[in-house]
file work-v1.txt (compact mmCIF, C-alpha atoms)
# COMPACT_ATOMS: atom_id res chain seq x y z
CA MET A 1 -5.04 52.56 116.87
CA ASN A 2 -5.59 54.74 113.76
CA LEU A 3 -6.13 53.44 110.21
CA LYS A 4 -2.53 54.13 109.13
CA SER A 5 -1.05 52.13 112.00
CA ARG A 6 -3.35 49.16 111.17
CA ARG A 7 -2.18 49.14 107.54
CA ILE A 8 1.52 48.57 108.42
CA PRO A 9 1.09 45.05 109.97
CA ASN A 10 -1.24 44.11 107.11
CA LEU A 11 1.40 45.22 104.60
CA ILE A 12 4.09 43.18 106.37
CA LEU A 13 1.85 40.11 106.35
CA ALA A 14 1.13 40.55 102.65
CA VAL A 15 4.84 40.86 101.80
CA ALA A 16 5.66 37.80 103.93
CA PHE A 17 2.91 35.82 102.20
CA MET A 18 4.23 36.77 98.76
CA LEU A 19 7.78 35.78 99.75
CA ALA A 20 6.54 32.42 101.01
CA LEU A 21 4.74 31.82 97.72
CA LEU A 22 7.87 32.76 95.77
CA ILE A 23 10.10 30.41 97.78
CA SER A 24 7.59 27.58 97.44
CA TRP A 25 7.37 28.10 93.69
CA ASN A 26 11.18 28.03 93.29
CA LEU A 27 11.44 24.86 95.36
CA PHE A 28 8.72 23.27 93.26
CA LYS A 29 10.53 24.20 90.05
CA ASN A 30 13.80 22.76 91.34
CA PHE A 31 12.27 19.46 92.39
CA SER A 32 10.31 19.29 89.16
CA SER A 33 13.44 19.86 87.07
CA VAL A 34 15.22 16.95 88.81
CA ASP A 35 12.30 14.67 88.08
CA THR A 36 12.09 15.72 84.45
CA LEU A 37 15.81 15.56 83.53
CA PRO A 38 16.13 13.55 80.31
CA GLN A 39 17.27 9.96 80.81
CA THR A 40 20.67 9.34 79.26
CA SER A 41 22.34 6.00 78.47
CA LEU A 42 26.09 5.49 78.14
CA THR A 43 27.74 2.34 76.83
CA VAL A 44 31.33 1.91 78.00
CA SER A 45 33.59 -0.68 76.38
CA ALA A 46 36.35 -1.40 78.89
CA ALA A 47 39.24 -3.77 79.51
CA ILE A 48 38.04 -6.63 81.68
CA SER A 49 40.79 -5.94 84.22
CA LEU A 50 38.85 -2.77 85.11
CA SER A 51 35.59 -4.58 85.84
CA GLN A 52 35.54 -4.46 89.64
CA ALA A 53 36.67 -0.86 89.92
CA LEU A 54 34.28 0.38 87.23
CA GLN A 55 31.31 -1.47 88.74
CA GLU A 56 31.94 0.33 92.02
CA LEU A 57 32.35 3.67 90.27
CA LYS A 58 29.09 3.11 88.40
CA THR A 59 27.23 2.95 91.72
CA VAL A 60 28.94 6.11 92.95
CA TYR A 61 28.29 8.03 89.74
CA GLN A 62 24.65 7.04 89.33
CA SER A 63 23.85 7.92 92.96
CA SER A 64 24.49 11.58 92.11
CA ASN A 65 23.43 11.31 88.45
CA PRO A 66 20.23 9.23 88.59
CA ASN A 67 19.27 10.25 85.06
CA VAL A 68 22.37 8.51 83.61
CA THR A 69 22.30 4.75 82.97
CA ILE A 70 25.73 3.18 82.44
CA THR A 71 26.15 -0.14 80.65
CA TYR A 72 29.53 -1.85 80.49
CA ASN A 73 30.90 -4.11 77.80
CA PHE A 74 33.98 -5.81 79.26
CA GLY A 75 36.51 -7.77 77.23
CA ALA A 76 40.01 -7.79 75.75
CA SER A 77 41.00 -4.31 74.61
CA GLY A 78 41.99 -5.39 71.11
CA ALA A 79 38.69 -7.16 70.51
CA LEU A 80 36.73 -4.19 71.88
CA ALA A 81 38.58 -1.79 69.58
CA GLN A 82 37.73 -4.01 66.61
CA GLN A 83 34.05 -3.92 67.57
CA ILE A 84 34.15 -0.12 67.64
CA GLN A 85 35.88 -0.03 64.23
CA GLN A 86 33.07 -2.22 62.91
CA GLY A 87 30.44 0.25 64.10
CA ALA A 88 29.43 -1.03 67.56
CA PRO A 89 27.28 1.62 69.34
CA VAL A 90 29.76 2.67 72.03
CA ASP A 91 30.10 6.00 73.84
CA LEU A 92 33.42 5.50 75.64
CA PHE A 93 36.43 3.20 75.34
CA PHE A 94 38.71 2.40 78.30
CA SER A 95 41.68 0.34 77.10
CA ALA A 96 44.39 -1.59 78.95
CA ALA A 97 46.97 -0.50 76.38
CA THR A 98 47.67 2.46 74.12
CA ASN A 99 47.84 0.47 70.85
CA PRO A 100 44.09 -0.26 70.56
CA MET A 101 43.33 3.39 71.36
CA ASP A 102 45.94 4.57 68.84
CA ALA A 103 44.24 2.47 66.16
CA LEU A 104 40.90 4.16 66.85
CA GLN A 105 42.50 7.59 66.87
CA GLN A 106 44.23 6.94 63.56
CA SER A 107 40.83 5.96 62.13
CA ASN A 108 39.38 9.27 63.37
CA LEU A 109 36.97 7.44 65.69
CA LEU A 110 37.74 9.45 68.83
CA ILE A 111 36.81 12.91 70.02
CA ASN A 112 40.46 13.83 70.32
CA ASP A 113 40.39 16.29 73.19
CA THR A 114 38.75 13.66 75.43
CA ARG A 115 41.59 11.12 75.37
CA ARG A 116 43.35 10.76 78.72
CA ASN A 117 45.96 8.34 80.03
CA LEU A 118 44.63 7.52 83.50
CA LEU A 119 45.97 4.32 85.04
CA THR A 120 49.01 2.05 85.26
CA ASN A 121 49.44 -1.60 86.22
CA ARG A 122 52.16 -4.22 86.81
CA LEU A 123 52.78 -7.61 85.25
CA VAL A 124 53.05 -10.57 87.63
CA LEU A 125 53.68 -14.31 87.49
CA ILE A 126 51.15 -16.35 89.45
CA THR A 127 50.65 -19.99 90.34
CA PRO A 128 47.81 -21.84 92.07
CA THR A 129 47.97 -21.21 95.82
CA ASN A 130 49.70 -24.52 96.49
CA GLY A 131 51.58 -24.53 93.19
CA VAL A 132 55.28 -24.54 92.34
CA ALA A 133 57.26 -21.86 94.18
CA LEU A 134 59.07 -20.01 91.39
CA SER A 135 61.77 -17.47 92.18
CA ASP A 136 62.93 -16.60 88.65
CA PHE A 137 61.08 -16.22 85.35
CA LYS A 138 63.67 -18.48 83.72
CA GLN A 139 62.30 -21.34 85.79
CA LEU A 140 59.32 -21.36 83.42
CA ALA A 141 61.54 -23.40 81.12
CA ASP A 142 61.94 -26.13 83.77
CA ALA A 143 60.49 -29.57 83.05
CA ARG A 144 58.26 -29.35 86.14
CA ILE A 145 56.31 -26.49 84.51
CA LYS A 146 54.05 -28.16 81.94
CA LYS A 147 51.56 -25.39 81.05
CA ILE A 148 51.75 -21.59 81.21
CA ALA A 149 48.72 -19.35 80.59
CA ILE A 150 49.04 -15.92 78.98
CA GLY A 151 46.66 -13.71 77.04
CA GLU A 152 46.45 -14.07 73.26
CA PRO A 153 49.19 -11.58 72.22
CA LYS A 154 47.36 -10.51 69.05
CA SER A 155 44.34 -9.08 70.87
CA VAL A 156 44.93 -9.17 74.64
CA PRO A 157 47.26 -6.46 76.01
CA VAL A 158 48.41 -8.56 78.98
CA GLY A 159 49.50 -11.19 76.45
CA GLN A 160 51.39 -8.59 74.42
CA TYR A 161 53.22 -7.41 77.53
CA ALA A 162 53.97 -11.02 78.49
CA GLN A 163 55.37 -11.77 75.03
CA GLU A 164 57.61 -8.71 75.20
CA MET A 165 58.91 -9.70 78.62
CA LEU A 166 59.52 -13.35 77.74
CA THR A 167 61.26 -12.34 74.50
CA LYS A 168 63.63 -9.99 76.33
CA LEU A 169 64.42 -12.77 78.80
CA GLY A 170 65.17 -15.15 75.92
CA LEU A 171 62.32 -17.48 76.90
CA TRP A 172 59.68 -16.89 74.23
CA GLN A 173 60.72 -19.54 71.71
CA GLN A 174 61.71 -21.98 74.42
CA ILE A 175 58.31 -22.08 76.16
CA GLN A 176 56.07 -21.96 73.06
CA PRO A 177 54.91 -25.61 73.44
CA LYS A 178 53.77 -24.90 77.00
CA LEU A 179 51.59 -21.88 76.26
CA VAL A 180 47.83 -21.86 76.83
CA LEU A 181 46.26 -18.68 75.39
CA GLY A 182 43.37 -16.88 77.05
CA ASN A 183 40.82 -14.60 75.37
CA ASN A 184 41.27 -12.02 78.14
CA VAL A 185 43.19 -11.59 81.37
CA ARG A 186 40.37 -12.95 83.53
CA GLN A 187 40.35 -16.17 81.54
CA VAL A 188 44.09 -16.49 82.17
CA LEU A 189 43.40 -15.99 85.89
CA THR A 190 40.70 -18.70 85.78
CA PHE A 191 43.10 -21.16 84.14
CA VAL A 192 45.50 -20.69 87.06
CA GLU A 193 42.79 -20.74 89.75
CA SER A 194 41.47 -24.05 88.46
CA GLY A 195 44.91 -25.64 88.47
CA ASN A 196 44.64 -26.44 84.77
CA VAL A 197 47.98 -24.69 84.25
CA ASP A 198 51.07 -24.48 86.43
CA ALA A 199 51.60 -20.73 86.06
CA GLY A 200 50.16 -17.66 84.40
CA ILE A 201 51.02 -14.05 83.66
CA VAL A 202 48.41 -11.45 84.61
CA TYR A 203 48.15 -7.94 86.03
CA THR A 204 48.72 -7.37 89.72
CA THR A 205 45.14 -6.07 89.96
CA ASP A 206 43.73 -9.39 88.75
CA ALA A 207 45.96 -11.41 91.06
CA LYS A 208 44.77 -9.31 93.99
CA ALA A 209 41.16 -10.11 93.10
CA SER A 210 41.68 -13.84 93.73
CA ASP A 211 42.43 -15.84 96.88
CA LYS A 212 43.16 -18.95 94.80
CA VAL A 213 46.48 -17.80 93.35
CA THR A 214 49.86 -16.73 94.70
CA VAL A 215 52.01 -13.99 93.18
CA ARG A 216 55.50 -15.41 92.70
CA LEU A 217 57.26 -12.64 90.75
CA THR A 218 56.67 -9.09 89.52
CA ALA A 219 58.19 -8.20 86.15
CA ALA A 220 60.66 -5.34 85.97
CA GLU A 221 59.04 -2.49 84.09
CA ASN A 222 61.94 -2.25 81.63
CA LEU A 223 61.08 -5.72 80.30
CA HIS A 224 57.91 -4.58 78.53
CA SER A 225 56.13 -1.51 77.18
CA PRO A 226 54.61 0.80 79.80
CA ILE A 227 51.24 -0.53 80.97
CA VAL A 228 48.97 2.49 80.51
CA TYR A 229 45.16 2.64 80.46
CA PRO A 230 43.75 5.41 78.21
CA LEU A 231 40.10 6.53 78.17
CA ALA A 232 38.32 8.47 75.43
CA VAL A 233 34.91 9.37 74.03
CA ILE A 234 33.98 7.73 70.72
CA ARG A 235 33.20 10.18 67.91
CA ASN A 236 29.88 8.48 67.12
CA SER A 237 28.68 8.69 70.73
CA ARG A 238 24.95 9.34 70.96
CA ASN A 239 25.49 11.39 74.12
CA PRO A 240 28.89 13.14 73.85
CA ALA A 241 28.16 15.70 76.57
CA ALA A 242 27.22 13.03 79.11
CA ALA A 243 30.19 10.91 77.99
CA LYS A 244 32.59 13.81 78.55
CA ALA A 245 31.12 14.37 82.02
CA PHE A 246 31.75 10.70 82.85
CA VAL A 247 35.37 11.03 81.66
CA ASP A 248 35.82 13.98 84.02
CA PHE A 249 34.42 11.91 86.89
CA VAL A 250 36.62 8.87 86.16
CA ALA A 251 39.66 11.15 85.97
CA GLY A 252 38.79 12.85 89.25
CA ASP A 253 40.01 12.40 92.81
CA ARG A 254 36.99 10.37 93.96
CA ALA A 255 37.59 7.78 91.25
CA LYS A 256 41.33 7.64 92.00
CA ILE A 257 40.56 6.43 95.51
CA VAL A 258 38.54 3.54 94.06
CA PHE A 259 41.21 2.63 91.49
CA GLN A 260 43.91 2.63 94.16
CA LYS A 261 41.74 0.33 96.27
CA TYR A 262 41.97 -2.23 93.46
CA ALA A 263 45.78 -1.76 93.17
CA PHE A 264 45.87 0.39 90.04
CA GLY A 265 48.47 3.09 89.79
CA THR A 266 47.52 6.51 88.45
CA VAL A 267 49.26 8.48 85.74
CA ARG A 268 50.72 11.70 87.05

call {"tool": "encode", "arguments": {"input": "work-v1.txt", "output": "structure tokens"}}
result
Amino acid sequence: MNLKSRRIPNLILAVAFMLALLISWNLFKNFSSVDTLPQTSLTVSAAISLSQALQELKTVYQSSNPNVTITYNFGASGALAQQIQQGAPVDLFFSAATNPMDALQQSNLLINDTRRNLLTNRLVLITPTNGVALSDFKQLADARIKKIAIGEPKSVPVGQYAQEMLTKLGLWQQIQPKLVLGNNVRQVLTFVESGNVDAGIVYTTDAKASDKVTVRLTAAENLHSPIVYPLAVIRNSRNPAAAKAFVDFVAGDRAKIVFQKYAFGTVR
């Protein structure tokens, strides 16, 4: 073998070695960049009726975005909106009604192009599992029904919808002495589960979450304002880019599957 023929294999080996080094370096950079991504925290104020679905979505989202820490603040939408108006450090707001979101938008507290109407729900009348079998909302006026739980209409969307429905049915004034007001829809559900009231008005999603209540009636949608859940990024968000990315995820197909699992409808 002459000198020229010996140089060719050596050249091939050298090129292969350089390529291996290059690939290894790129892999190292990629792994290093994952490890060194800045940690980001997002605070999401959300209607308490969303709690189960959003907890599941948090696990899904953080599994593919380990650098993002999501903290939820659940409560009545009206109360949450007031907290944001008073300067609470919140990145996103997910409301159970449009009115609280409208109030924030009118106060210029939203990043406008991030607002999306995502979900729908239904209003239902429930009783304890072995409670009175009601077949008509007007039976709420019967003497056998002593106490009825609804959300506080001034701050709890499910209470506002209930008031609208009962007013249209001509029952609102009649049943006033029977009303027990809850601070949020889950408190209304608890009142019914415990048997402390004879009936309650909640969302179908909350009723589905309990095996201690029975759904007796579903309200016709023309008896109250449309139940729509809007989501938006708060203007004072400390991490608007990460917040917008989370909005895109919650509005995506993967999240829709989770919401449908918990009986939410989706806005077309």

call {"tool": "atom_distance", "arguments": {"input": "work-v1.txt", "atom1": "atom CA of Pro177 of chain A", "atom2": "atom CA of Lys208 of chain A"}}
result
28.1 Å

call {"tool": "closest_residue", "arguments": {"input": "work-v1.txt", "among": "A:Val68, A:Asp253, A:Ser237, A:Ala245", "to": "Leu109 of chain A", "atoms": "all atoms listed in the file"}}
result
A:Ser237

call {"tool": "atom_distance", "arguments": {"input": "work-v1.txt", "atom1": "atom CA of Asn112 of chain A", "atom2": "atom CA of Lys256 of chain A"}}
result
22.6 Å

call {"tool": "closest_residue", "arguments": {"input": "work-v1.txt", "among": "A:Leu110, A:Val202, A:Leu118, A:Leu54", "to": "Ile70 of chain A", "atoms": "all atoms listed in the file"}}
result
A:Leu54

call {"tool": "atom_distance", "arguments": {"input": "work-v1.txt", "atom1": "atom CA of Pro38 of chain A", "atom2": "atom CA of Ser64 of chain A"}}
result
14.6 Å

call {"tool": "decode", "arguments": {"input": "work-v1.txt", "residues": "segment 71-97 of chain A", "atoms": "N, CA, C and O atoms", "output": "tab-separated table (two decimals), in the first residue's frame"}}
result
chain	number	residue	atom	x	y	z
A	71	THR	N	-49.89	28.50	39.77
A	71	THR	CA	-50.58	28.59	41.06
A	71	THR	C	-52.00	29.10	40.81
A	71	THR	O	-52.19	30.11	40.14
A	72	TYR	N	-52.98	28.38	41.35
A	72	TYR	CA	-54.37	28.77	41.16
A	72	TYR	C	-54.92	29.48	42.39
A	72	TYR	O	-54.59	29.15	43.53
A	73	ASN	N	-55.78	30.44	42.12
A	73	ASN	CA	-56.55	31.12	43.16
A	73	ASN	C	-58.02	30.96	42.78
A	73	ASN	O	-58.51	31.65	41.88
A	74	PHE	N	-58.71	29.99	43.39
A	74	PHE	CA	-60.09	29.70	43.03
A	74	PHE	C	-61.05	30.46	43.93
A	74	PHE	O	-60.81	30.64	45.13
A	75	GLY	N	-62.18	30.88	43.35
A	75	GLY	CA	-63.19	31.57	44.13
A	75	GLY	C	-64.35	31.98	43.25
A	75	GLY	O	-64.47	31.54	42.09
A	76	ALA	N	-65.22	32.84	43.77
A	76	ALA	CA	-66.33	33.39	42.99
A	76	ALA	C	-65.77	34.43	42.02
A	76	ALA	O	-64.92	35.25	42.39
A	77	SER	N	-66.25	34.41	40.80
A	77	SER	CA	-65.68	35.27	39.75
A	77	SER	C	-65.75	36.75	40.11
A	77	SER	O	-64.80	37.50	39.87
A	78	GLY	N	-66.86	37.19	40.69
A	78	GLY	CA	-67.00	38.59	41.05
A	78	GLY	C	-65.98	39.01	42.09
A	78	GLY	O	-65.37	40.08	41.98
A	79	ALA	N	-65.78	38.17	43.09
A	79	ALA	CA	-64.79	38.48	44.14
A	79	ALA	C	-63.38	38.48	43.57
A	79	ALA	O	-62.55	39.33	43.94
A	80	LEU	N	-63.08	37.56	42.67
A	80	LEU	CA	-61.75	37.50	42.06
A	80	LEU	C	-61.48	38.75	41.22
A	80	LEU	O	-60.37	39.29	41.24
A	81	ALA	N	-62.49	39.19	40.49
A	81	ALA	CA	-62.34	40.40	39.67
A	81	ALA	C	-62.07	41.62	40.56
A	81	ALA	O	-61.24	42.47	40.23
A	82	GLN	N	-62.74	41.69	41.70
A	82	GLN	CA	-62.50	42.79	42.64
A	82	GLN	C	-61.07	42.76	43.16
A	82	GLN	O	-60.43	43.81	43.31
A	83	GLN	N	-60.55	41.58	43.44
A	83	GLN	CA	-59.17	41.46	43.90
A	83	GLN	C	-58.20	42.00	42.86
A	83	GLN	O	-57.24	42.71	43.19
A	84	ILE	N	-58.47	41.67	41.59
A	84	ILE	CA	-57.60	42.14	40.50
A	84	ILE	C	-57.68	43.66	40.38
A	84	ILE	O	-56.67	44.35	40.21
A	85	GLN	N	-58.89	44.21	40.50
A	85	GLN	CA	-59.07	45.67	40.44
A	85	GLN	C	-58.33	46.37	41.58
A	85	GLN	O	-57.89	47.51	41.42
A	86	GLN	N	-58.18	45.67	42.68
A	86	GLN	CA	-57.49	46.24	43.85
A	86	GLN	C	-55.98	45.99	43.81
A	86	GLN	O	-55.28	46.34	44.76
A	87	GLY	N	-55.49	45.41	42.71
A	87	GLY	CA	-54.05	45.26	42.53
A	87	GLY	C	-53.46	43.91	42.87
A	87	GLY	O	-52.23	43.79	42.97
A	88	ALA	N	-54.29	42.87	43.03
A	88	ALA	CA	-53.75	41.54	43.32
A	88	ALA	C	-52.81	41.10	42.19
A	88	ALA	O	-53.11	41.32	41.02
A	89	PRO	N	-51.66	40.50	42.53
A	89	PRO	CA	-50.68	40.08	41.51
A	89	PRO	C	-51.14	38.82	40.77
A	89	PRO	O	-50.82	37.70	41.15
A	90	VAL	N	-51.90	39.02	39.71
A	90	VAL	CA	-52.49	37.92	38.95
A	90	VAL	C	-52.05	38.01	37.50
A	90	VAL	O	-51.96	39.11	36.93
A	91	ASP	N	-51.78	36.86	36.88
A	91	ASP	CA	-51.36	36.83	35.48
A	91	ASP	C	-52.53	36.56	34.54
A	91	ASP	O	-52.59	37.11	33.44
A	92	LEU	N	-53.46	35.67	34.96
A	92	LEU	CA	-54.60	35.33	34.12
A	92	LEU	C	-55.88	35.28	34.95
A	92	LEU	O	-55.84	34.95	36.13
A	93	PHE	N	-56.99	35.59	34.29
A	93	PHE	CA	-58.30	35.51	34.94
A	93	PHE	C	-59.21	34.64	34.08
A	93	PHE	O	-59.33	34.86	32.88
A	94	PHE	N	-59.84	33.63	34.71
A	94	PHE	CA	-60.74	32.71	34.02
A	94	PHE	C	-62.08	32.79	34.76
A	94	PHE	O	-62.23	32.27	35.86
A	95	SER	N	-63.04	33.49	34.16
A	95	SER	CA	-64.29	33.81	34.84
A	95	SER	C	-65.42	32.86	34.41
A	95	SER	O	-65.40	32.30	33.32
A	96	ALA	N	-66.42	32.74	35.29
A	96	ALA	CA	-67.60	31.93	34.98
A	96	ALA	C	-68.72	32.78	34.38
A	96	ALA	O	-69.83	32.29	34.21
A	97	ALA	N	-68.43	34.02	34.09
A	97	ALA	CA	-69.42	34.92	33.49
A	97	ALA	C	-68.68	36.05	32.78
A	97	ALA	O	-67.52	36.35	33.09
